[in-house]
>>> print(open('entry-v5.cif').read())   # mmCIF, C-alpha atoms
data_entry
loop_
_atom_site.group_PDB
_atom_site.id
_atom_site.type_symbol
_atom_site.label_atom_id
_atom_site.label_comp_id
_atom_site.auth_asym_id
_atom_site.auth_seq_id
_atom_site.Cartn_x
_atom_site.Cartn_y
_atom_site.Cartn_z
ATOM 1 C CA MET A 1007 65.066 -40.582 132.024
ATOM 2 C CA THR A 1008 61.360 -40.758 131.236
ATOM 3 C CA GLU A 1009 59.991 -41.682 127.830
ATOM 4 C CA THR A 1010 56.485 -42.200 126.613
ATOM 5 C CA ALA A 1011 56.129 -45.760 125.392
ATOM 6 C CA PRO A 1012 54.100 -46.229 122.191
ATOM 7 C CA ALA A 1013 51.056 -47.503 124.069
ATOM 8 C CA GLY A 1014 50.937 -44.237 126.030
ATOM 9 C CA LEU A 1015 52.618 -45.752 129.078
ATOM 10 C CA ARG A 1016 54.924 -43.663 131.218
ATOM 11 C CA VAL A 1017 58.054 -45.566 132.056
ATOM 12 C CA THR A 1018 61.138 -44.289 133.855
ATOM 13 C CA LEU A 1019 64.590 -45.791 133.433
ATOM 14 C CA ARG A 1020 66.815 -45.846 136.504
ATOM 15 C CA PRO A 1021 70.194 -47.365 137.303
ATOM 16 C CA MET A 1022 69.790 -50.830 138.801
ATOM 17 C CA ARG A 1023 70.815 -51.064 142.456
ATOM 18 C CA ILE A 1024 71.459 -53.952 144.820
ATOM 19 C CA ASP A 1025 68.159 -53.273 146.634
ATOM 20 C CA HIS A 1026 66.314 -53.948 143.353
ATOM 21 C CA LEU A 1027 67.657 -57.520 143.188
ATOM 22 C CA PRO A 1028 64.814 -59.304 145.031
ATOM 23 C CA ARG A 1029 62.329 -57.977 142.460
ATOM 24 C CA ILE A 1030 64.749 -58.520 139.571
ATOM 25 C CA MET A 1031 65.412 -62.120 140.636
ATOM 26 C CA ALA A 1032 61.676 -62.900 140.710
ATOM 27 C CA LEU A 1033 61.365 -61.518 137.186
ATOM 28 C CA GLU A 1034 64.552 -63.247 136.019
ATOM 29 C CA THR A 1035 63.162 -66.601 137.169
ATOM 30 C CA GLU A 1036 59.769 -65.900 135.579
ATOM 31 C CA LEU A 1037 61.370 -64.978 132.237
ATOM 32 C CA PHE A 1038 64.244 -67.441 132.004
ATOM 33 C CA GLY A 1039 63.311 -70.360 134.270
ATOM 34 C CA SER A 1040 66.151 -72.829 134.767
ATOM 35 C CA GLU A 1041 68.420 -70.641 132.611
ATOM 36 C CA ALA A 1042 68.024 -67.599 134.881
ATOM 37 C CA TRP A 1043 71.053 -65.842 136.252
ATOM 38 C CA THR A 1044 71.684 -66.249 139.972
ATOM 39 C CA GLU A 1045 71.527 -63.372 142.414
ATOM 40 C CA GLY A 1046 75.268 -63.791 142.942
ATOM 41 C CA MET A 1047 75.886 -63.292 139.228
ATOM 42 C CA LEU A 1048 73.857 -60.078 139.189
ATOM 43 C CA ARG A 1049 75.514 -58.829 142.391
ATOM 44 C CA SER A 1050 78.885 -59.393 140.731
ATOM 45 C CA GLU A 1051 77.755 -57.438 137.661
ATOM 46 C CA LEU A 1052 76.574 -54.490 139.766
ATOM 47 C CA ALA A 1053 79.863 -54.507 141.673
ATOM 48 C CA ASP A 1054 81.733 -53.513 138.489
ATOM 49 C CA PRO A 1055 80.332 -50.083 137.511
ATOM 50 C CA ASP A 1056 83.429 -49.214 135.457
ATOM 51 C CA SER A 1057 82.578 -51.764 132.767
ATOM 52 C CA ARG A 1058 78.915 -52.556 133.441
ATOM 53 C CA HIS A 1059 75.725 -50.586 132.820
ATOM 54 C CA TYR A 1060 72.481 -51.971 134.285
ATOM 55 C CA VAL A 1061 69.130 -50.226 134.179
ATOM 56 C CA ILE A 1062 65.566 -50.910 135.326
ATOM 57 C CA ALA A 1063 62.290 -49.686 133.833
ATOM 58 C CA ILE A 1064 59.713 -48.671 136.419
ATOM 59 C CA ASP A 1065 56.037 -48.000 135.869
ATOM 60 C CA GLY A 1066 54.903 -44.408 136.150
ATOM 61 C CA ASP A 1067 56.231 -40.915 135.689
ATOM 62 C CA HIS A 1068 58.964 -40.320 138.247
ATOM 63 C CA SER A 1069 60.991 -37.796 136.311
ATOM 64 C CA ASP A 1070 62.002 -35.692 139.310
ATOM 65 C CA ASP A 1071 65.242 -37.723 139.604
ATOM 66 C CA ARG A 1072 64.439 -38.957 143.103
ATOM 67 C CA ASN A 1073 65.675 -42.430 143.910
ATOM 68 C CA ASP A 1074 62.519 -43.317 145.822
ATOM 69 C CA ASP A 1075 61.380 -46.011 143.401
ATOM 70 C CA HIS A 1076 61.177 -48.497 146.283
ATOM 71 C CA GLY A 1077 57.938 -50.415 145.929
ATOM 72 C CA ARG A 1078 57.210 -49.243 142.391
ATOM 73 C CA LEU A 1079 56.588 -51.886 139.759
ATOM 74 C CA ILE A 1080 59.730 -52.893 137.886
ATOM 75 C CA VAL A 1081 58.513 -53.727 134.383
ATOM 76 C CA GLY A 1082 61.884 -54.472 132.808
ATOM 77 C CA TYR A 1083 65.656 -54.447 133.138
ATOM 78 C CA ALA A 1084 68.740 -54.676 130.977
ATOM 79 C CA GLY A 1085 72.513 -54.884 131.253
ATOM 80 C CA LEU A 1086 75.615 -54.176 129.205
ATOM 81 C CA MET A 1087 79.332 -54.884 129.561
ATOM 82 C CA ALA A 1088 81.756 -52.570 127.756
ATOM 83 C CA HIS A 1089 85.512 -52.956 127.466
ATOM 84 C CA ASP A 1090 88.183 -51.775 125.046
ATOM 85 C CA ASP A 1091 86.351 -51.102 121.767
ATOM 86 C CA GLU A 1092 83.541 -53.625 122.195
ATOM 87 C CA ALA A 1093 80.330 -53.904 124.216
ATOM 88 C CA HIS A 1094 78.111 -56.898 124.946
ATOM 89 C CA ILE A 1095 74.431 -56.767 125.744
ATOM 90 C CA LEU A 1096 74.143 -59.277 128.547
ATOM 91 C CA THR A 1097 70.440 -59.270 129.339
ATOM 92 C CA VAL A 1098 67.153 -57.631 128.459
ATOM 93 C CA GLY A 1099 63.942 -58.666 130.190
ATOM 94 C CA VAL A 1100 60.416 -57.268 130.292
ATOM 95 C CA VAL A 1101 57.486 -58.438 132.427
ATOM 96 C CA PRO A 1102 55.377 -60.646 130.114
ATOM 97 C CA ALA A 1103 52.197 -58.566 130.554
ATOM 98 C CA TRP A 1104 54.176 -55.446 129.551
ATOM 99 C CA GLN A 1105 55.870 -56.916 126.478
ATOM 100 C CA ARG A 1106 55.250 -55.519 122.986
ATOM 101 C CA ARG A 1107 54.629 -52.023 124.373
ATOM 102 C CA GLY A 1108 58.026 -50.500 123.526
ATOM 103 C CA ILE A 1109 59.744 -51.101 126.865
ATOM 104 C CA GLY A 1110 62.314 -53.525 125.440
ATOM 105 C CA ALA A 1111 63.173 -50.948 122.770
ATOM 106 C CA MET A 1112 63.561 -48.239 125.435
ATOM 107 C CA LEU A 1113 65.907 -50.454 127.428
ATOM 108 C CA LEU A 1114 67.870 -51.359 124.306
ATOM 109 C CA ARG A 1115 68.260 -47.692 123.293
ATOM 110 C CA ASP A 1116 69.600 -46.927 126.776
ATOM 111 C CA LEU A 1117 72.176 -49.712 126.463
ATOM 112 C CA LEU A 1118 73.209 -48.527 123.007
ATOM 113 C CA ASP A 1119 73.611 -44.972 124.310
ATOM 114 C CA ALA A 1120 75.807 -46.315 127.119
ATOM 115 C CA ALA A 1121 77.868 -48.304 124.595
ATOM 116 C CA GLY A 1122 78.648 -45.149 122.644
ATOM 117 C CA SER A 1123 80.753 -45.863 119.581
ATOM 118 C CA HIS A 1124 81.648 -49.394 120.654
ATOM 119 C CA ARG A 1125 80.837 -52.331 118.422
ATOM 120 C CA VAL A 1126 77.954 -54.094 120.217
ATOM 121 C CA LEU A 1127 77.423 -57.864 120.301
ATOM 122 C CA LEU A 1128 74.741 -60.050 121.831
ATOM 123 C CA GLU A 1129 73.413 -63.587 121.911
ATOM 124 C CA VAL A 1130 69.708 -64.250 121.576
ATOM 125 C CA ARG A 1131 67.841 -67.544 121.655
ATOM 126 C CA ALA A 1132 67.403 -68.887 118.139
ATOM 127 C CA ASP A 1133 63.718 -69.501 118.892
ATOM 128 C CA ASN A 1134 63.101 -65.929 120.143
ATOM 129 C CA GLU A 1135 62.058 -64.344 116.862
ATOM 130 C CA ALA A 1136 60.460 -61.304 118.525
ATOM 131 C CA ALA A 1137 63.742 -60.364 120.211
ATOM 132 C CA GLN A 1138 65.677 -60.932 116.995
ATOM 133 C CA ARG A 1139 63.296 -58.564 115.166
ATOM 134 C CA LEU A 1140 63.753 -55.941 117.910
ATOM 135 C CA TYR A 1141 67.532 -56.147 117.580
ATOM 136 C CA ALA A 1142 67.360 -56.019 113.775
ATOM 137 C CA ARG A 1143 65.246 -52.830 113.973
ATOM 138 C CA HIS A 1144 68.099 -51.310 115.983
ATOM 139 C CA GLY A 1145 70.805 -52.149 113.468
ATOM 140 C CA PHE A 1146 71.895 -55.627 114.582
ATOM 141 C CA SER A 1147 72.667 -58.352 112.048
ATOM 142 C CA PRO A 1148 73.237 -62.073 112.648
ATOM 143 C CA ILE A 1149 76.900 -63.016 112.402
ATOM 144 C CA GLY A 1150 76.919 -66.546 113.778
ATOM 145 C CA ARG A 1151 75.327 -69.244 115.865
ATOM 146 C CA ARG A 1152 76.359 -70.882 119.135
ATOM 147 C CA ARG A 1153 75.043 -74.435 119.251
ATOM 148 C CA GLY A 1154 73.743 -75.545 122.658
ATOM 149 C CA TYR A 1155 74.606 -72.156 124.180
ATOM 150 C CA TYR A 1156 71.704 -71.959 126.638
ATOM 151 C CA GLN A 1157 71.881 -74.455 129.476
ATOM 152 C CA PRO A 1158 70.312 -76.636 130.640
ATOM 153 C CA SER A 1159 67.903 -76.557 127.654
ATOM 154 C CA GLY A 1160 70.623 -76.818 125.013
ATOM 155 C CA ALA A 1161 68.932 -74.139 122.886
ATOM 156 C CA ASP A 1162 71.060 -72.457 120.240
ATOM 157 C CA ALA A 1163 71.947 -68.766 120.326
ATOM 158 C CA VAL A 1164 72.111 -66.449 117.356
ATOM 159 C CA VAL A 1165 75.052 -64.056 117.671
ATOM 160 C CA MET A 1166 74.204 -60.564 116.446
ATOM 161 C CA ALA A 1167 76.395 -57.484 115.997
ATOM 162 C CA ARG A 1168 75.968 -53.774 115.439
ATOM 163 C CA GLY A 1169 78.697 -51.390 114.371
#
>>> encode(input="entry-v5.cif", output="structure tokens")
Amino acid sequence: MTETAPAGLRVTLRPMRIDHLPRIMALETELFGSEAWTEGMLRSELADPDSRHYVIAIDGDHSDDRNDDHGRLIVGYAGLMAHDDEAHILTVGVVPAWQRRGIGAMLLRDLLDAAGSHRVLLEVRADNEAAQRLYARHGFSPIGRRRGYYQPSGADAVVMARG
């Protein structure tokens, strides 16, 4: 799927694969530091395609549906878990230099499409106001708070729901 981001960027969304993990792990560490997921955690997520949906955003127009994105710049990624009548957004990350260009919204829309009619929940850092605004623009509302949710920092999470 290729969309034109608001800043005129061409970004293609592709399913995340195991061979993307080295680049994803570098970005995960850059974005989340000591609270980053491990490669083992992401491998486990990708091993469960029946209930998981993970996608990457790559720079450029590669709309011919080839899977030759090897070496292309991954500018973002996101993941969702769906089960029964509920879905959980597990992660959304965008390269810092590419943030505030619509890529996070593109990734979020893809996750929401994958969730279908499920109720969708997520946790977001209480101090991440930009992400909370993004989620609110897509129909999420705060429904609670998890004190000390993020470790090792002890930062609180705001729980948000849609549907």
>>> resolve_selection(input="entry-v5.cif", expression="the PyMOL selection byres ((chain A and resi 1103) around 12)", output="ChimeraX atom specification")
/A:1033,1036-1037,1080-1082,1099-1102,1104-1107,1109
>>> atom_distance(input="entry-v5.cif", atom1="CA of Val1061 in chain A", atom2="CA of Ile1024 in chain A")
11.5 Å
>>> residues_around(input="entry-v5.cif", residues="Gly1160 in chain A", least_positions_apart="4", cutoff="12 Å", atoms="only C-alpha atoms", output="ChimeraX atom specification")
/A:1040-1041,1131-1133,1152-1156
>>> residues_near_point(input="entry-v5.cif", point="(81.2, -50.5, 122.7)", cutoff="7 Å", atoms="only C-alpha atoms", output="short mmCIF file (atom, residue, chain, number, x, y, z; two decimals) with C-alpha atoms, in the frame of the given file")
data_model
loop_
_atom_site.label_atom_id
_atom_site.label_comp_id
_atom_site.auth_asym_id
_atom_site.auth_seq_id
_atom_site.Cartn_x
_atom_site.Cartn_y
_atom_site.Cartn_z
CA ALA A 1088 81.76 -52.57 127.76
CA HIS A 1089 85.51 -52.96 127.47
CA ASP A 1091 86.35 -51.10 121.77
CA GLU A 1092 83.54 -53.62 122.20
CA ALA A 1093 80.33 -53.90 124.22
CA ALA A 1121 77.87 -48.30 124.60
CA GLY A 1122 78.65 -45.15 122.64
CA SER A 1123 80.75 -45.86 119.58
CA HIS A 1124 81.65 -49.39 120.65
CA ARG A 1125 80.84 -52.33 118.42
CA VAL A 1126 77.95 -54.09 120.22
#
>>> closest_residue(input="entry-v5.cif", among="A:Arg1029, A:Met1022, A:Arg1139, A:Ile1095", to="Leu1118 in chain A", atoms="all atoms listed in the file")
A:Ile1095
>>> closest_residue(input="entry-v5.cif", among="A:Asp1065, A:Thr1035, A:Leu1027, A:Gln1157", to="Ser1050 in chain A", atoms="only C-alpha atoms")
A:Leu1027
>>> closest_residue(input="entry-v5.cif", among="A:Leu1086, A:Ala1120, A:Ala1142, A:Ala1063", to="Ile1030 in chain A", atoms="all atoms listed in the file")
A:Ala1063
>>> atom_distance(input="entry-v5.cif", atom1="CA of Ala1111 in chain A", atom2="CA of Arg1049 in chain A")
24.5 Å
>>> closest_residue(input="entry-v5.cif", among="A:Ala1161, A:Leu1113, A:Thr1044, A:Gly1169", to="Leu1127 in chain A", atoms="all atoms listed in the file")
A:Gly1169
>>> decode(input="entry-v5.cif", residues="range 1020-1166 of chain A", atoms="C-alpha atoms", output="mmCIF file, in the first residue's frame")
data_model
loop_
_atom_site.group_PDB
_atom_site.id
_atom_site.type_symbol
_atom_site.label_atom_id
_atom_site.label_comp_id
_atom_site.auth_asym_id
_atom_site.auth_seq_id
_atom_site.Cartn_x
_atom_site.Cartn_y
_atom_site.Cartn_z
ATOM 1 C CA ARG A 1020 4.754 -3.554 3.949
ATOM 2 C CA PRO A 1021 4.291 -6.514 6.271
ATOM 3 C CA MET A 1022 7.164 -6.746 8.742
ATOM 4 C CA ARG A 1023 9.403 -9.777 8.231
ATOM 5 C CA ILE A 1024 12.106 -11.423 10.311
ATOM 6 C CA ASP A 1025 14.812 -10.048 7.981
ATOM 7 C CA HIS A 1026 13.679 -6.511 8.890
ATOM 8 C CA LEU A 1027 14.493 -7.065 12.581
ATOM 9 C CA PRO A 1028 18.106 -5.795 12.585
ATOM 10 C CA ARG A 1029 16.908 -2.416 11.282
ATOM 11 C CA ILE A 1030 13.808 -2.457 13.495
ATOM 12 C CA MET A 1031 15.879 -3.238 16.599
ATOM 13 C CA ALA A 1032 18.207 -0.289 15.920
ATOM 14 C CA LEU A 1033 15.175 1.979 15.636
ATOM 15 C CA GLU A 1034 13.474 0.407 18.660
ATOM 16 C CA THR A 1035 16.550 1.146 20.782
ATOM 17 C CA GLU A 1036 16.816 4.694 19.413
ATOM 18 C CA LEU A 1037 13.143 5.411 20.171
ATOM 19 C CA PHE A 1038 12.617 3.585 23.453
ATOM 20 C CA GLY A 1039 16.072 3.231 25.022
ATOM 21 C CA SER A 1040 16.098 0.982 28.079
ATOM 22 C CA GLU A 1041 12.368 0.309 27.606
ATOM 23 C CA ALA A 1042 12.841 -1.118 24.097
ATOM 24 C CA TRP A 1043 11.484 -4.515 23.228
ATOM 25 C CA THR A 1044 14.053 -7.260 22.707
ATOM 26 C CA GLU A 1045 14.601 -8.961 19.379
ATOM 27 C CA GLY A 1046 13.255 -12.155 20.940
ATOM 28 C CA MET A 1047 10.009 -10.396 21.828
ATOM 29 C CA LEU A 1048 9.561 -9.143 18.267
ATOM 30 C CA ARG A 1049 10.473 -12.548 16.807
ATOM 31 C CA SER A 1050 7.789 -14.086 19.014
ATOM 32 C CA GLU A 1051 5.247 -11.523 17.794
ATOM 33 C CA LEU A 1052 6.045 -12.225 14.135
ATOM 34 C CA ALA A 1053 5.751 -15.963 14.768
ATOM 35 C CA ASP A 1054 2.022 -15.560 15.511
ATOM 36 C CA PRO A 1055 0.471 -14.239 12.265
ATOM 37 C CA ASP A 1056 -3.010 -15.477 13.224
ATOM 38 C CA SER A 1057 -3.371 -12.874 15.974
ATOM 39 C CA ARG A 1058 -0.639 -10.352 15.153
ATOM 40 C CA HIS A 1059 -0.348 -7.699 12.447
ATOM 41 C CA TYR A 1060 3.014 -5.926 12.066
ATOM 42 C CA VAL A 1061 3.864 -3.442 9.347
ATOM 43 C CA ILE A 1062 6.841 -1.301 8.326
ATOM 44 C CA ALA A 1063 6.880 2.039 6.509
ATOM 45 C CA ILE A 1064 9.624 2.337 3.913
ATOM 46 C CA ASP A 1065 10.807 5.465 2.159
ATOM 47 C CA GLY A 1066 9.961 5.783 -1.509
ATOM 48 C CA ASP A 1067 7.356 4.652 -3.981
ATOM 49 C CA HIS A 1068 7.543 0.878 -4.284
ATOM 50 C CA SER A 1069 3.946 0.221 -5.208
ATOM 51 C CA ASP A 1070 4.653 -2.649 -7.597
ATOM 52 C CA ASP A 1071 4.126 -5.132 -4.722
ATOM 53 C CA ARG A 1072 7.645 -6.534 -4.962
ATOM 54 C CA ASN A 1073 9.176 -7.616 -1.687
ATOM 55 C CA ASP A 1074 12.592 -6.242 -2.610
ATOM 56 C CA ASP A 1075 12.640 -3.566 0.082
ATOM 57 C CA HIS A 1076 15.971 -4.917 1.348
ATOM 58 C CA GLY A 1077 18.250 -1.966 1.981
ATOM 59 C CA ARG A 1078 15.516 0.659 1.738
ATOM 60 C CA LEU A 1079 15.121 3.058 4.634
ATOM 61 C CA ILE A 1080 12.602 1.878 7.214
ATOM 62 C CA VAL A 1081 11.057 5.081 8.556
ATOM 63 C CA GLY A 1082 8.519 3.511 10.898
ATOM 64 C CA TYR A 1083 6.810 0.367 12.138
ATOM 65 C CA ALA A 1084 3.758 -0.675 14.095
ATOM 66 C CA GLY A 1085 2.116 -3.760 15.556
ATOM 67 C CA LEU A 1086 -1.290 -4.988 16.658
ATOM 68 C CA MET A 1087 -2.619 -8.025 18.517
ATOM 69 C CA ALA A 1088 -6.229 -9.050 17.883
ATOM 70 C CA HIS A 1089 -8.194 -11.753 19.663
ATOM 71 C CA ASP A 1090 -11.863 -12.467 20.302
ATOM 72 C CA ASP A 1091 -13.615 -9.088 20.025
ATOM 73 C CA GLU A 1092 -10.713 -6.889 21.115
ATOM 74 C CA ALA A 1093 -7.465 -5.607 19.603
ATOM 75 C CA HIS A 1094 -4.434 -4.003 21.232
ATOM 76 C CA ILE A 1095 -2.023 -1.644 19.553
ATOM 77 C CA LEU A 1096 1.305 -2.878 20.833
ATOM 78 C CA THR A 1097 3.781 -0.484 19.256
ATOM 79 C CA VAL A 1098 4.084 2.440 16.885
ATOM 80 C CA GLY A 1099 7.464 3.984 16.128
ATOM 81 C CA VAL A 1100 8.713 6.514 13.591
ATOM 82 C CA VAL A 1101 12.303 7.604 12.934
ATOM 83 C CA PRO A 1102 12.707 10.916 14.814
ATOM 84 C CA ALA A 1103 13.715 12.894 11.699
ATOM 85 C CA TRP A 1104 10.550 11.631 9.952
ATOM 86 C CA GLN A 1105 8.112 12.371 12.778
ATOM 87 C CA ARG A 1106 5.255 14.859 12.360
ATOM 88 C CA ARG A 1107 4.993 14.104 8.632
ATOM 89 C CA GLY A 1108 1.940 11.816 8.762
ATOM 90 C CA ILE A 1109 3.761 8.480 8.918
ATOM 91 C CA GLY A 1110 2.505 7.625 12.411
ATOM 92 C CA ALA A 1111 -1.050 8.323 11.238
ATOM 93 C CA MET A 1112 -0.541 6.079 8.189
ATOM 94 C CA LEU A 1113 0.711 3.263 10.399
ATOM 95 C CA LEU A 1114 -2.158 3.762 12.836
ATOM 96 C CA ARG A 1115 -4.762 3.684 10.037
ATOM 97 C CA ASP A 1116 -3.264 0.405 8.806
ATOM 98 C CA LEU A 1117 -3.549 -1.104 12.290
ATOM 99 C CA LEU A 1118 -7.132 0.098 12.644
ATOM 100 C CA ASP A 1119 -8.007 -1.409 9.258
ATOM 101 C CA ALA A 1120 -6.480 -4.707 10.400
ATOM 102 C CA ALA A 1121 -8.471 -4.535 13.652
ATOM 103 C CA GLY A 1122 -11.726 -4.282 11.726
ATOM 104 C CA SER A 1123 -14.711 -3.951 14.028
ATOM 105 C CA HIS A 1124 -12.785 -4.925 17.152
ATOM 106 C CA ARG A 1125 -12.658 -2.594 20.121
ATOM 107 C CA VAL A 1126 -9.070 -1.265 20.106
ATOM 108 C CA LEU A 1127 -7.022 -0.492 23.222
ATOM 109 C CA LEU A 1128 -3.537 0.890 23.732
ATOM 110 C CA GLU A 1129 -1.189 2.261 26.357
ATOM 111 C CA VAL A 1130 0.772 5.426 25.707
ATOM 112 C CA ARG A 1131 3.286 7.190 27.923
ATOM 113 C CA ALA A 1132 1.562 9.850 30.000
ATOM 114 C CA ASP A 1133 4.282 12.321 28.990
ATOM 115 C CA ASN A 1134 3.885 11.639 25.238
ATOM 116 C CA GLU A 1135 1.313 14.305 24.438
ATOM 117 C CA ALA A 1136 1.962 14.190 20.679
ATOM 118 C CA ALA A 1137 1.076 10.490 20.529
ATOM 119 C CA GLN A 1138 -2.000 11.032 22.686
ATOM 120 C CA ARG A 1139 -3.184 13.758 20.280
ATOM 121 C CA LEU A 1140 -2.615 11.420 17.308
ATOM 122 C CA TYR A 1141 -4.702 8.704 18.950
ATOM 123 C CA ALA A 1142 -7.442 11.175 19.909
ATOM 124 C CA ARG A 1143 -7.661 12.350 16.270
ATOM 125 C CA HIS A 1144 -8.355 8.720 15.355
ATOM 126 C CA GLY A 1145 -11.194 8.259 17.821
ATOM 127 C CA PHE A 1146 -9.361 7.102 20.956
ATOM 128 C CA SER A 1147 -10.364 8.364 24.398
ATOM 129 C CA PRO A 1148 -8.528 7.956 27.714
ATOM 130 C CA ILE A 1149 -10.160 5.358 29.941
ATOM 131 C CA GLY A 1150 -7.564 4.879 32.658
ATOM 132 C CA ARG A 1151 -4.001 5.124 33.848
ATOM 133 C CA ARG A 1152 -1.406 2.479 34.694
ATOM 134 C CA ARG A 1153 0.969 3.820 37.326
ATOM 135 C CA GLY A 1154 4.621 2.848 36.824
ATOM 136 C CA TYR A 1155 3.744 0.866 33.685
ATOM 137 C CA TYR A 1156 6.934 1.585 31.733
ATOM 138 C CA GLN A 1157 10.043 -0.033 33.158
ATOM 139 C CA PRO A 1158 12.687 0.708 34.174
ATOM 140 C CA SER A 1159 11.716 4.420 34.126
ATOM 141 C CA GLY A 1160 8.516 3.962 36.123
ATOM 142 C CA ALA A 1161 6.619 6.300 33.779
ATOM 143 C CA ASP A 1162 2.836 6.094 33.847
ATOM 144 C CA ALA A 1163 0.765 4.947 30.879
ATOM 145 C CA VAL A 1164 -2.534 6.401 29.774
ATOM 146 C CA VAL A 1165 -4.903 3.655 28.624
ATOM 147 C CA MET A 1166 -6.947 4.691 25.597
#
